[in-house]
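**Student:** Contents of entry30.txt (compact mmCIF, C-alpha atoms) are given next:
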# COMPACT_ATOMS: atom_id res chain seq x y z
CA MET A 1 120.09 97.22 113.71
CA GLN A 2 118.44 96.46 110.39
CA VAL A 3 115.21 98.33 109.73
CA ALA A 4 113.29 97.38 106.58
CA ILE A 5 110.61 99.49 104.95
CA VAL A 6 107.98 97.52 103.05
CA LYS A 7 108.16 98.52 99.37
CA TYR A 8 104.78 98.77 97.69
CA ASN A 9 102.69 101.25 95.71
CA ALA A 10 101.89 103.59 98.56
CA GLY A 11 103.57 106.86 98.03
CA ASN A 12 106.40 108.86 99.32
CA ILE A 13 108.71 107.11 101.78
CA ARG A 14 111.52 109.63 101.64
CA SER A 15 110.48 111.33 104.87
CA VAL A 16 110.35 107.95 106.65
CA ILE A 17 113.86 107.13 105.44
CA ASN A 18 115.07 110.58 106.50
CA ALA A 19 113.47 110.23 109.93
CA PHE A 20 115.46 107.02 110.56
CA SER A 21 118.63 108.57 109.13
CA ARG A 22 118.36 111.23 111.83
CA LEU A 23 118.32 108.38 114.36
CA GLY A 24 121.48 106.94 112.80
CA ILE A 25 119.74 104.10 110.94
CA THR A 26 119.87 103.45 107.21
CA PRO A 27 116.70 101.52 106.43
CA LEU A 28 116.42 98.94 103.68
CA TYR A 29 113.56 99.63 101.24
CA THR A 30 112.49 96.24 99.95
CA ASP A 31 109.66 93.93 98.90
CA ASP A 32 111.85 90.83 99.14
CA PRO A 33 110.21 88.34 101.58
CA GLU A 34 113.52 87.04 102.90
CA GLN A 35 114.96 90.48 103.52
CA LEU A 36 111.77 91.49 105.29
CA ALA A 37 111.70 88.35 107.41
CA SER A 38 115.31 88.80 108.53
CA ALA A 39 115.12 92.50 109.45
CA ASP A 40 115.05 93.47 113.14
CA LYS A 41 112.24 95.96 112.70
CA ILE A 42 109.76 96.59 109.91
CA ILE A 43 108.06 99.82 108.85
CA PHE A 44 104.87 99.55 106.80
CA PRO A 45 104.38 103.15 105.66
CA GLY A 46 102.02 104.72 103.29
CA GLN A 47 99.90 107.31 101.72
CA GLY A 48 97.44 106.40 99.06
CA GLU A 49 94.25 104.53 98.40
CA ALA A 50 93.38 101.32 100.25
CA SER A 51 91.91 99.12 97.52
CA ASN A 52 94.76 99.84 95.08
CA ALA A 53 97.29 99.20 97.81
CA MET A 54 95.64 95.90 98.82
CA ARG A 55 95.53 94.74 95.19
CA TYR A 56 99.24 95.44 94.88
CA LEU A 57 100.07 93.64 98.13
CA ARG A 58 98.08 90.55 97.04
CA GLU A 59 99.57 90.51 93.54
CA HIS A 60 103.05 90.60 95.03
CA ARG A 61 102.12 88.12 97.80
CA LEU A 62 103.19 90.70 100.37
CA ASP A 63 99.91 90.20 102.26
CA GLU A 64 101.04 86.79 103.52
CA VAL A 65 104.57 88.02 104.14
CA ILE A 66 103.34 90.86 106.36
CA ARG A 67 100.86 88.69 108.29
CA ASN A 68 103.62 86.19 109.08
CA LEU A 69 106.20 88.67 110.34
CA GLN A 70 107.47 87.86 113.84
CA GLN A 71 109.50 90.98 114.64
CA PRO A 72 108.02 94.37 115.66
CA ILE A 73 106.33 96.04 112.71
CA LEU A 74 105.00 99.60 112.68
CA GLY A 75 102.24 100.53 110.25
CA ILE A 76 101.86 104.23 109.53
CA CYS A 77 98.69 105.93 108.29
CA ILE A 78 97.42 103.86 105.35
CA GLY A 79 99.76 101.14 106.63
CA GLN A 80 97.69 101.02 109.80
CA GLN A 81 94.43 100.95 107.86
CA LEU A 82 95.65 98.10 105.66
CA MET A 83 96.41 96.07 108.79
CA CYS A 84 92.71 96.20 109.76
CA SER A 85 89.96 93.83 108.65
CA HIS A 86 88.15 95.90 106.05
CA SER A 87 88.25 99.44 104.65
CA GLU A 88 85.38 101.54 103.41
CA GLU A 89 87.89 103.16 101.08
CA GLY A 90 87.28 101.15 97.93
CA ASP A 91 85.23 98.65 100.00
CA VAL A 92 88.15 96.25 100.31
CA ASP A 93 89.11 93.42 102.65
CA CYS A 94 92.46 94.19 104.24
CA LEU A 95 95.12 92.17 106.07
CA GLY A 96 92.99 91.37 109.11
CA ILE A 97 95.79 91.74 111.66
CA PHE A 98 93.59 94.02 113.73
CA ASP A 99 89.99 92.93 114.10
CA ALA A 100 88.60 96.39 113.38
CA PRO A 101 87.05 98.17 110.40
CA VAL A 102 88.26 101.34 108.67
CA LEU A 103 85.43 103.83 108.29
CA ARG A 104 84.98 107.11 106.45
CA PHE A 105 84.60 110.26 108.57
CA GLN A 106 81.00 111.50 108.51
CA PRO A 107 81.19 115.24 109.26
CA GLU A 108 78.24 116.58 111.21
CA GLN A 109 79.01 120.28 110.86
CA GLN A 110 80.58 122.51 108.24
CA ALA A 111 83.52 123.20 110.56
CA GLN A 112 84.45 119.50 110.46
CA LYS A 113 86.65 119.41 107.39
CA VAL A 114 87.74 116.16 105.81
CA PRO A 115 90.56 115.17 105.54
CA HIS A 116 91.47 115.53 109.19
CA MET A 117 94.66 117.45 108.52
CA GLY A 118 97.08 118.93 110.98
CA TRP A 119 98.30 118.58 114.55
CA ASN A 120 96.05 116.92 117.09
CA THR A 121 96.55 115.61 120.60
CA ILE A 122 96.74 111.93 121.55
CA GLY A 123 95.71 110.48 124.89
CA ASN A 124 94.95 107.24 126.75
CA LEU A 125 98.51 106.18 125.92
CA GLN A 126 98.96 102.50 126.69
CA SER A 127 102.17 101.26 125.14
CA PRO A 128 105.96 101.48 125.52
CA LEU A 129 105.75 103.11 122.08
CA PHE A 130 104.73 106.29 123.91
CA LYS A 131 107.36 106.23 126.65
CA GLY A 132 108.35 109.79 127.56
CA LEU A 133 105.26 111.38 126.01
CA LYS A 134 102.77 113.47 127.89
CA THR A 135 99.05 113.07 127.51
CA ASP A 136 97.93 115.65 124.98
CA ASP A 137 101.21 115.86 123.12
CA PHE A 138 100.57 116.79 119.49
CA VAL A 139 101.20 114.61 116.44
CA TYR A 140 100.53 115.16 112.75
CA PHE A 141 97.53 113.57 111.02
CA VAL A 142 96.37 113.55 107.40
CA HIS A 143 93.52 111.15 106.68
CA SER A 144 89.88 110.81 105.66
CA PHE A 145 89.24 107.32 107.11
CA TYR A 146 89.60 106.18 110.71
CA VAL A 147 89.61 103.11 112.95
CA PRO A 148 87.05 103.14 115.79
CA ILE A 149 88.16 102.51 119.34
CA CYS A 150 88.55 98.73 119.74
CA GLU A 151 90.32 96.08 121.83
CA HIS A 152 93.64 96.88 120.07
CA THR A 153 93.55 100.63 120.72
CA ILE A 154 96.70 101.92 122.49
CA ALA A 155 96.11 105.64 121.94
CA THR A 156 93.10 107.75 121.08
CA THR A 157 92.48 111.10 119.49
CA ASP A 158 89.36 113.16 118.90
CA TYR A 159 88.22 114.62 115.62
CA ILE A 160 84.50 114.51 114.80
CA LEU A 161 84.50 111.60 117.27
CA PRO A 162 86.98 109.80 119.55
CA TYR A 163 88.81 107.08 117.61
CA SER A 164 92.04 105.04 117.53
CA ALA A 165 95.24 107.04 117.06
CA ALA A 166 97.31 103.86 117.45
CA LEU A 167 96.79 100.09 117.60
CA GLN A 168 98.74 97.10 118.81
CA ARG A 169 98.39 93.32 118.75
CA ASP A 170 101.38 91.15 119.66
CA ASN A 171 104.30 92.34 117.49
CA PHE A 172 102.06 94.48 115.26
CA TYR A 173 102.02 98.21 116.03
CA ALA A 174 100.37 100.96 114.03
CA THR A 175 99.74 104.68 114.15
CA GLN A 176 97.16 106.66 112.21
CA PHE A 177 99.35 109.75 112.50
CA HIS A 178 102.75 110.31 110.90
CA PRO A 179 105.52 110.04 113.52
CA GLU A 180 108.06 110.87 110.81
CA LYS A 181 106.38 114.27 110.43
CA SER A 182 105.57 114.91 114.08
CA GLY A 183 108.67 116.79 115.16
CA THR A 184 110.41 115.75 118.38
CA VAL A 185 107.33 113.87 119.66
CA GLY A 186 107.34 111.71 116.55
CA GLU A 187 111.07 111.18 116.86
CA THR A 188 110.58 109.89 120.41
CA ILE A 189 107.95 107.41 119.18
CA LEU A 190 110.24 106.11 116.42
CA ARG A 191 113.11 105.78 118.89
CA ASN A 192 110.83 103.87 121.27
CA PHE A 193 109.83 101.56 118.43
CA LEU A 194 113.49 100.80 117.73
CA GLU A 195 113.92 99.87 121.40
CA LEU A 196 111.00 97.39 121.49
CA MET B 197 91.76 118.93 119.76
CA LEU B 198 92.85 119.79 116.23
CA ALA B 199 95.19 122.78 116.40
CA LYS B 200 95.03 125.86 114.21
CA ARG B 201 98.22 125.89 112.18
CA ILE B 202 100.83 128.64 111.89
CA ILE B 203 102.75 128.45 108.63
CA PRO B 204 105.80 130.53 107.73
CA CYS B 205 106.17 130.92 103.99
CA LEU B 206 109.58 131.24 102.38
CA ASP B 207 109.93 132.54 98.85
CA VAL B 208 113.07 131.07 97.35
CA LYS B 209 115.13 132.50 94.52
CA ASP B 210 118.56 131.17 93.57
CA GLY B 211 118.76 129.27 96.84
CA GLN B 212 117.91 132.27 99.05
CA THR B 213 114.65 133.30 100.65
CA VAL B 214 113.06 136.53 99.55
CA LYS B 215 109.73 138.10 100.27
CA GLY B 216 107.75 140.49 98.15
CA THR B 217 105.72 143.35 99.50
CA ASN B 218 102.58 143.68 97.41
CA PHE B 219 104.35 141.27 95.03
CA VAL B 220 106.76 143.93 93.77
CA HIS B 221 109.71 144.73 96.01
CA LEU B 222 111.94 141.91 97.14
CA ARG B 223 114.04 141.84 100.30
CA SER B 224 116.46 139.05 101.11
CA ALA B 225 115.82 137.06 104.29
CA GLY B 226 118.33 134.25 104.59
CA ASP B 227 119.04 130.59 103.90
CA PRO B 228 115.91 128.43 103.41
CA VAL B 229 117.19 125.31 105.17
CA GLU B 230 118.47 127.21 108.18
CA LEU B 231 115.33 129.30 108.39
CA GLY B 232 113.13 126.24 107.94
CA LYS B 233 114.97 124.35 110.67
CA MET B 234 114.75 127.30 113.01
CA TYR B 235 111.01 127.56 112.39
CA SER B 236 110.39 123.84 112.85
CA GLU B 237 112.26 123.96 116.15
CA THR B 238 110.45 127.03 117.44
CA GLY B 239 106.88 125.91 116.89
CA ALA B 240 105.92 126.36 113.23
CA ASP B 241 103.31 123.73 112.36
CA GLU B 242 104.13 123.49 108.68
CA LEU B 243 106.31 125.30 106.19
CA VAL B 244 105.74 126.50 102.65
CA PHE B 245 108.60 127.05 100.20
CA LEU B 246 107.79 128.84 96.96
CA ASP B 247 110.26 128.70 94.10
CA ILE B 248 110.16 132.03 92.33
CA THR B 249 113.07 131.19 90.04
CA ALA B 250 112.11 131.15 86.38
CA SER B 251 115.00 129.22 84.81
CA HIS B 252 115.46 125.52 84.18
CA GLU B 253 118.74 125.64 86.12
CA GLY B 254 116.89 127.28 89.01
CA ARG B 255 114.36 124.42 89.06
CA LYS B 256 117.15 121.90 89.49
CA THR B 257 118.61 123.96 92.32
CA PHE B 258 115.19 124.05 93.97
CA THR B 259 114.75 120.26 93.70
CA LYS B 260 118.11 119.81 95.42
CA LEU B 261 116.95 122.25 98.09
CA VAL B 262 113.78 120.18 98.63
CA GLU B 263 115.95 117.09 99.18
CA ARG B 264 117.98 118.96 101.81
CA LEU B 265 114.83 120.28 103.46
CA SER B 266 113.43 116.77 103.69
CA GLU B 267 116.57 115.62 105.45
CA GLU B 268 116.66 118.47 107.93
CA ILE B 269 113.02 119.25 108.66
CA TYR B 270 110.64 116.87 110.36
CA ILE B 271 107.40 118.74 110.18
CA PRO B 272 105.28 118.78 107.00
CA PHE B 273 106.27 121.13 104.23
CA THR B 274 104.66 122.26 101.01
CA VAL B 275 106.50 123.39 97.90
CA GLY B 276 105.20 125.47 95.06
CA GLY B 277 106.10 127.86 92.30
CA GLY B 278 106.14 127.03 88.62
CA ILE B 279 104.53 123.60 88.95
CA GLY B 280 102.95 122.92 85.59
CA SER B 281 102.66 119.18 85.18
CA ILE B 282 102.25 115.89 86.95
CA ASP B 283 105.97 115.28 86.30
CA ASP B 284 106.87 118.40 88.28
CA VAL B 285 104.70 117.13 91.14
CA ASP B 286 106.29 113.69 91.01
CA ARG B 287 109.80 115.22 91.04
CA LEU B 288 109.09 117.39 94.09
CA LEU B 289 107.25 114.71 96.08
CA SER B 290 110.04 112.24 95.29
CA ALA B 291 112.53 114.80 96.57
CA GLY B 292 110.67 114.68 99.89
CA ALA B 293 108.01 117.38 99.83
CA ASP B 294 104.76 116.47 101.61
CA LYS B 295 102.48 118.63 99.51
CA VAL B 296 102.62 120.75 96.40
CA SER B 297 100.97 124.08 95.89
CA ILE B 298 99.71 124.85 92.40
CA ASN B 299 98.45 128.20 91.24
CA SER B 300 98.65 129.49 87.65
CA ALA B 301 98.81 126.01 86.13
CA ALA B 302 95.55 125.08 87.85
CA LEU B 303 93.84 128.18 86.46
CA ARG B 304 95.12 127.37 82.98
CA HIS B 305 94.51 123.61 83.19
CA PRO B 306 92.06 122.82 86.01
CA GLU B 307 92.23 119.11 85.17
CA LEU B 308 95.75 119.14 86.65
CA ILE B 309 94.06 119.12 90.07
CA ASP B 310 92.15 115.91 89.23
CA GLU B 311 95.31 114.37 87.85
CA ILE B 312 97.39 115.16 90.96
CA THR B 313 94.77 113.90 93.38
CA ARG B 314 94.24 110.73 91.36
CA HIS B 315 97.96 109.96 91.31
CA PHE B 316 99.01 111.10 94.75
CA GLY B 317 95.85 111.74 96.80
CA SER B 318 94.00 114.90 97.76
CA GLN B 319 96.21 115.50 100.77
CA VAL B 320 99.21 116.49 98.63
CA CYS B 321 97.31 119.00 96.51
CA VAL B 322 97.13 122.57 97.79
CA VAL B 323 95.59 125.04 95.36
CA ALA B 324 96.88 128.57 95.91
CA ILE B 325 94.59 131.36 94.80
CA ASP B 326 95.73 134.98 94.47
CA ALA B 327 92.72 137.26 94.28
CA ARG B 328 91.92 140.95 94.42
CA GLN B 329 88.61 142.51 95.35
CA GLU B 330 87.15 144.56 92.50
CA GLY B 331 83.78 145.99 93.48
CA ASP B 332 81.74 143.11 94.82
CA THR B 333 83.76 140.36 93.20
CA TRP B 334 87.11 138.80 93.94
CA THR B 335 89.07 138.32 90.72
CA CYS B 336 91.64 135.52 90.52
CA TYR B 337 95.07 136.42 89.16
CA LEU B 338 97.74 134.46 87.31
CA ASN B 339 101.53 134.63 87.39
CA GLY B 340 102.12 135.92 90.88
CA GLY B 341 99.32 138.43 90.68
CA ARG B 342 100.23 139.99 87.35
CA ILE B 343 97.47 138.75 85.02
CA PRO B 344 93.75 138.95 85.85
CA THR B 345 91.51 136.07 84.81
CA GLU B 346 87.81 135.58 84.19
CA ARG B 347 87.54 133.47 87.31
CA THR B 348 86.23 134.64 90.65
CA LEU B 349 87.44 133.46 94.03
CA PHE B 350 84.44 131.59 95.43
CA ASP B 351 83.48 129.79 92.22
CA TRP B 352 87.06 128.82 91.51
CA ALA B 353 87.72 127.65 95.07
CA LYS B 354 84.60 125.47 94.93
CA GLU B 355 85.67 123.99 91.61
CA CYS B 356 89.11 123.21 93.08
CA ALA B 357 87.50 121.40 96.01
CA ASP B 358 85.15 119.52 93.67
CA ARG B 359 88.13 118.43 91.60
CA GLY B 360 89.78 117.00 94.70
CA ALA B 361 92.08 119.71 96.06
CA GLY B 362 93.04 118.98 99.66
CA GLU B 363 93.38 122.59 100.82
CA ILE B 364 92.92 126.13 99.54
CA LEU B 365 95.65 128.69 100.22
CA PHE B 366 93.94 132.02 99.66
CA THR B 367 96.07 135.16 99.34
CA SER B 368 94.28 138.47 99.27
CA MET B 369 96.42 140.68 97.04
CA ASP B 370 94.75 143.70 98.60
CA HIS B 371 95.96 142.68 102.04
CA ASP B 372 99.32 141.13 101.17
CA GLY B 373 102.29 143.12 102.45
CA VAL B 374 100.09 145.82 103.95
CA LYS B 375 100.20 144.29 107.46
CA GLN B 376 96.68 145.39 108.39
CA GLY B 377 95.17 141.94 108.89
CA PHE B 378 93.84 139.11 106.73
CA ALA B 379 90.78 139.27 104.43
CA ASN B 380 88.52 137.83 107.10
CA ASP B 381 85.14 138.22 105.38
CA ALA B 382 86.29 136.38 102.27
CA LEU B 383 88.04 133.76 104.41
CA ARG B 384 84.90 133.15 106.38
CA GLN B 385 82.85 132.72 103.24
CA LEU B 386 85.37 130.21 101.89
CA SER B 387 85.53 128.34 105.15
CA GLU B 388 81.77 128.16 105.56
CA THR B 389 81.09 126.92 102.05
CA LEU B 390 83.96 124.50 101.34
CA PRO B 391 84.47 121.05 102.87
CA ILE B 392 88.29 121.35 102.91
CA PRO B 393 90.75 123.33 105.06
CA ILE B 394 91.44 126.98 104.23
CA ILE B 395 94.83 128.62 104.73
CA ALA B 396 94.73 132.39 105.22
CA SER B 397 97.49 134.37 103.55
CA GLY B 398 98.29 138.04 103.09
CA GLY B 399 98.06 140.77 105.66
CA ALA B 400 99.69 139.57 108.88
CA GLY B 401 101.25 142.44 110.78
CA ALA B 402 100.33 141.79 114.40
CA LYS B 403 99.39 138.85 116.64
CA GLU B 404 95.78 140.03 116.72
CA HIS B 405 95.58 139.51 112.96
CA PHE B 406 96.23 135.80 113.39
CA ARG B 407 93.57 135.59 116.09
CA ASP B 408 91.08 137.33 113.80
CA ALA B 409 91.86 135.02 110.88
CA PHE B 410 90.81 132.13 113.13
CA THR B 411 87.92 133.68 115.04
CA LEU B 412 86.44 135.96 112.35
CA GLY B 413 87.79 134.26 109.23
CA HIS B 414 87.32 130.70 110.51
CA ALA B 415 90.58 129.78 108.80
CA ASP B 416 92.18 126.42 109.58
CA ALA B 417 95.70 127.79 109.19
CA ALA B 418 97.39 131.15 108.78
CA LEU B 419 100.43 131.80 106.66
CA ALA B 420 102.84 134.70 106.82
CA ALA B 421 106.36 135.58 105.78
CA SER B 422 108.01 138.86 106.66
CA VAL B 423 106.66 139.14 110.21
CA PHE B 424 108.41 135.84 110.91
CA HIS B 425 111.54 136.30 108.81
CA PHE B 426 112.39 139.64 110.34
CA GLY B 427 111.59 138.51 113.85
CA GLU B 428 108.73 140.96 114.25
CA ILE B 429 106.50 138.20 115.65
CA PRO B 430 108.38 135.27 117.21
CA ILE B 431 106.29 132.12 116.74
CA PRO B 432 106.46 130.96 120.42
CA GLU B 433 105.15 134.36 121.48
CA LEU B 434 102.38 134.20 118.86
CA LYS B 435 101.35 130.71 119.96
CA GLN B 436 101.21 131.72 123.62
CA TYR B 437 99.11 134.74 122.70
CA LEU B 438 96.68 132.59 120.68
CA LEU B 439 96.42 130.10 123.52
CA ASN B 440 95.56 132.93 125.91
CA GLU B 441 92.90 133.97 123.40
CA LYS B 442 91.43 130.43 123.67
CA ILE B 443 92.50 129.37 120.20
CA PRO B 444 93.72 125.76 120.04
CA VAL B 445 97.38 125.76 119.01
CA ARG B 446 100.22 123.34 119.41
CA ILE B 447 102.77 124.46 122.00
Show me this structure written as structure tokens.
**Tutor:**
Amino acid sequence: MQVAIVKYNAGNIRSVINAFSRLGITPLYTDDPEQLASADKIIFPGQGEASNAMRYLREHRLDEVIRNLQQPILGICIGQQLMCSHSEEGDVDCLGIFDAPVLRFQPEQQAQKVPHMGWNTIGNLQSPLFKGLKTDDFVYFVHSFYVPICEHTIATTDYILPYSAALQRDNFYATQFHPEKSGTVGETILRNFLEL
Amino acid sequence: MLAKRIIPCLDVKDGQTVKGTNFVHLRSAGDPVELGKMYSETGADELVFLDITASHEGRKTFTKLVERLSEEIYIPFTVGGGIGSIDDVDRLLSAGADKVSINSAALRHPELIDEITRHFGSQVCVVAIDARQEGDTWTCYLNGGRIPTERTLFDWAKECADRGAGEILFTSMDHDGVKQGFANDALRQLSETLPIPIIASGGAGAKEHFRDAFTLGHADAALAASVFHFGEIPIPELKQYLLNEKIPVRI
């Protein structure tokens, strides 16, 4: 199976590559439209800042490439946020794959630190992506912006407020958390994605 | 619910883990990759690896170690020790580290914090602060606790947060290695005044100490070394204890 990781200016992808290596897959790290289109599965990873990332994707015409992908694609963290309609981070229009905004956490108490960093539970699991998971399994989050619960929500979590931990529309999947850093639970999710 | 994090810390010298007691005596405690794997499989939430090697050759060895860690460990890990420039940060993140911990370099050049967060985001930037209580003030120390500075804990921690640090790792030098509990009053003051997570470090000797760091100190995470490395407190046992004490932890 050929897994391609979308190459753009969004941070460290070594742990994503290593996570697939542990599953016996050597992913291709590329921004070539043809290589992306012909891969069996696509990973759209990321850490970084939304408006810079969107500018890069547009300049390299990767925005159109990603929107037109037909195979299963998994956005991770900022990858998920970039697949939404608009982000408050840098006030930027994003890819519009999910009809949902990306909003900044508004802490209401001192104890509500931002970024939301660490292990949190996910629930309301509604996708084969989560096959074999239990409600309230823990996954690892690091983020300051979130996607509200919407028609595409396939998992929720709760920090400051309940929001989307994962989204899906057609062949487009995305998680706010980092499956590649979420121990055996994350490994199960990545394996499930490969089986879609 | 967001879990309180338990973080084993491994000091690494010449490819082996060591741990100081009050920053002076060093005892050897095994292979970092094997230890790290064992911890990730038995419930550690994150890991910290500190390079205490001083030489250029040692730095290269450590970078190779980070690459191996990234291959073998699939929970987040932070690396620190001797990070002085944005190039050091880039090298370690490229090798697969999730976060870097900076300490002396931040005290000497606070703008390094801004630079790291601008390049790589706040989430990768942990500022470690070693401080000792002297009268009513907490004095920050450089170089692994050897050189006192003009800076005080609460002002410096606030400046770090203002500059974009993602987390503060506070080690009380008074408590470190003594195994009588964490510096809960200072932790609480940090936690109640800063908008970013606080990691408690220095003083763990019993399971109750971790509970107190969370309930009294309001810490977001607690870090320890020797109690884990020498098997004095197995992490699964600690987590079960904390859960019984109604503290949210990941089991």
**Student:** Residues of chain B within 7 Å of chain A, counting all atoms listed in the file, what are they? List them as a PyMOL selection string.
**Tutor:** chain B and resi 197-199+266-267+270-272+289-290+292+316-317+319+388+391-393+446
**Student:** Since we have the selection now, will you write its residues out, keeping C-alpha atoms, as a PDB file, keeping the file's coordinate frame?
**Tutor:**
ATOM      1  CA  MET B 197      91.760 118.930 119.760  1.00  0.00           C
ATOM      2  CA  LEU B 198      92.850 119.790 116.230  1.00  0.00           C
ATOM      3  CA  ALA B 199      95.190 122.780 116.400  1.00  0.00           C
ATOM      4  CA  SER B 266     113.430 116.770 103.690  1.00  0.00           C
ATOM      5  CA  GLU B 267     116.570 115.620 105.450  1.00  0.00           C
ATOM      6  CA  TYR B 270     110.640 116.870 110.360  1.00  0.00           C
ATOM      7  CA  ILE B 271     107.400 118.740 110.180  1.00  0.00           C
ATOM      8  CA  PRO B 272     105.280 118.780 107.000  1.00  0.00           C
ATOM      9  CA  LEU B 289     107.250 114.710  96.080  1.00  0.00           C
ATOM     10  CA  SER B 290     110.040 112.240  95.290  1.00  0.00           C
ATOM     11  CA  GLY B 292     110.670 114.680  99.890  1.00  0.00           C
ATOM     12  CA  PHE B 316      99.010 111.100  94.750  1.00  0.00           C
ATOM     13  CA  GLY B 317      95.850 111.740  96.800  1.00  0.00           C
ATOM     14  CA  GLN B 319      96.210 115.500 100.770  1.00  0.00           C
ATOM     15  CA  GLU B 388      81.770 128.160 105.560  1.00  0.00           C
ATOM     16  CA  PRO B 391      84.470 121.050 102.870  1.00  0.00           C
ATOM     17  CA  ILE B 392      88.290 121.350 102.910  1.00  0.00           C
ATOM     18  CA  PRO B 393      90.750 123.330 105.060  1.00  0.00           C
ATOM     19  CA  ARG B 446     100.220 123.340 119.410  1.00  0.00           C
TER      20      ARG B 446
END
**Student:** Pick from B:Ser387, B:Thr367, B:Gln436, B:Thr274: nearest to Leu243 in chain B, with all atoms listed in the file counted?
**Tutor:** B:Thr274
**Student:** Identify, on the basis of only C-alpha atoms, every residue whose closest approach to Leu412 in chain B does not exceed 10 Å; exclude the query and any residue fewer than 5 positions from it along the same chain; express the result as an mmCIF file with C-alpha atoms, in the coordinates of the input.
**Tutor:**
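Saved file around-v2.cif follows:
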data_model
loop_
_atom_site.group_PDB
_atom_site.id
_atom_site.type_symbol
_atom_site.label_atom_id
_atom_site.label_comp_id
_atom_site.auth_asym_id
_atom_site.auth_seq_id
_atom_site.Cartn_x
_atom_site.Cartn_y
_atom_site.Cartn_z
ATOM 1 C CA PHE B 378 93.840 139.110 106.730
ATOM 2 C CA ALA B 379 90.780 139.270 104.430
ATOM 3 C CA ASN B 380 88.520 137.830 107.100
ATOM 4 C CA ASP B 381 85.140 138.220 105.380
ATOM 5 C CA LEU B 383 88.040 133.760 104.410
ATOM 6 C CA ARG B 384 84.900 133.150 106.380
ATOM 7 C CA HIS B 405 95.580 139.510 112.960
ATOM 8 C CA PHE B 406 96.230 135.800 113.390
ATOM 9 C CA ARG B 407 93.570 135.590 116.090
#
**Student:** Could you work out how far CA of Lys435 in chain B lies from CA of Gly362 in chain B, giving the answer in Å with one decimal?
**Tutor:**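 These two atoms are separated by 24.9 Å.
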**Student:** Within 8 Å of Gly75 in chain A, counting only C-alpha atoms, which residues show up once you throw out same-chain ones fewer than 5 positions away? Write them as JSON, numbers by chain, please.
**Tutor:** {"A": [43, 44, 45, 80, 83, 172, 173, 174, 175]}
**Student:** Rank nothing, just name the residue among B:Asp408, B:Glu268, B:Glu263, B:Glu311 nearest to Gly280 in chain B, using all atoms listed in the file.
**Tutor:**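 The closest residue to Gly280 in chain B is B:Glu311.
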**Student:** How many Å separate CA of Asp227 in chain B from CA of Pro430 in chain B?
**Tutor:** 17.7 Å
**Student:** What residues have an atom no more than 12 Å from (104.4, 123.2, 81.1) in the file's own frame, counting all atoms listed in the file, and can you write them as a PyMOL selection string?
**Tutor:** chain B and resi 252+278-285+300-302+304-305+308
**Student:** Mind dumping a table of every range 282-390 of chain B residue within 12 Å of range 204-209 of chain B, with the nearest atom pair and its distance in Å to one decimal, using only C-alpha atoms, sorted by chain and rising number, as a tab-separated table?
**Tutor:**
residue	atom	partner	partner_atom	distance
B:Ser297	CA	B:Cys205	CA	11.8
B:Gly340	CA	B:Asp207	CA	11.7
B:Leu365	CA	B:Cys205	CA	11.4
B:Thr367	CA	B:Cys205	CA	11.9
**Student:** Using all atoms listed in the file, list the residues that have an atom at most 10 Å from (88.0, 95.5, 121.0), coordinates as in the file, as a PyMOL selection string.
**Tutor:** chain A and resi 98-100+148-153
**Student:** Since we have the selection now, will you write its residues out, keeping C-alpha atoms, as a PDB file, in the coordinates of the input?
**Tutor:**
ATOM      1  CA  PHE A  98      93.590  94.020 113.730  1.00  0.00           C
ATOM      2  CA  ASP A  99      89.990  92.930 114.100  1.00  0.00           C
ATOM      3  CA  ALA A 100      88.600  96.390 113.380  1.00  0.00           C
ATOM      4  CA  PRO A 148      87.050 103.140 115.790  1.00  0.00           C
ATOM      5  CA  ILE A 149      88.160 102.510 119.340  1.00  0.00           C
ATOM      6  CA  CYS A 150      88.550  98.730 119.740  1.00  0.00           C
ATOM      7  CA  GLU A 151      90.320  96.080 121.830  1.00  0.00           C
ATOM      8  CA  HIS A 152      93.640  96.880 120.070  1.00  0.00           C
ATOM      9  CA  THR A 153      93.550 100.630 120.720  1.00  0.00           C
TER      10      THR A 153
END
**Student:** Separation of CA of Arg347 in chain B and CA of Trp334 in chain B, in Å?
**Tutor:**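 So the answer is 8.5 Å.
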**Student:** Do a neighbour search on Ser318 in chain B at 7 Å with only C-alpha atoms, toss out local chain neighbours closer than 2 positions, and write the hits as a VMD selection string.
**Tutor:** chain B and resid 313 316 320 to 321 360 to 362
**Student:** Kindly save the residues from that selection, with C-alpha atoms included, as a CSV table (one decimal), in the frame of the given file.
**Tutor:**
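Output (part27.csv):
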chain,number,residue,atom,x,y,z
B,313,THR,CA,94.8,113.9,93.4
B,316,PHE,CA,99.0,111.1,94.8
B,320,VAL,CA,99.2,116.5,98.6
B,321,CYS,CA,97.3,119.0,96.5
B,360,GLY,CA,89.8,117.0,94.7
B,361,ALA,CA,92.1,119.7,96.1
B,362,GLY,CA,93.0,119.0,99.7
**Student:** Compare A:Ile189, A:Val92, A:Leu194, A:Val102 by their minimum atom-to-atom distance to Ala4 in chain A, counting only C-alpha atoms, and give me the closest one.
**Tutor:** A:Leu194
**Student:** Need the axis-aligned box for range 117-120 of chain A with 5 Å each side, so what are the centre and edges in Å to one decimal, as AutoDock Vina command-line options?
**Tutor:**
--center_x 96.5 --center_y 117.9 --center_z 112.8 --size_x 13.6 --size_y 12.0 --size_z 18.6
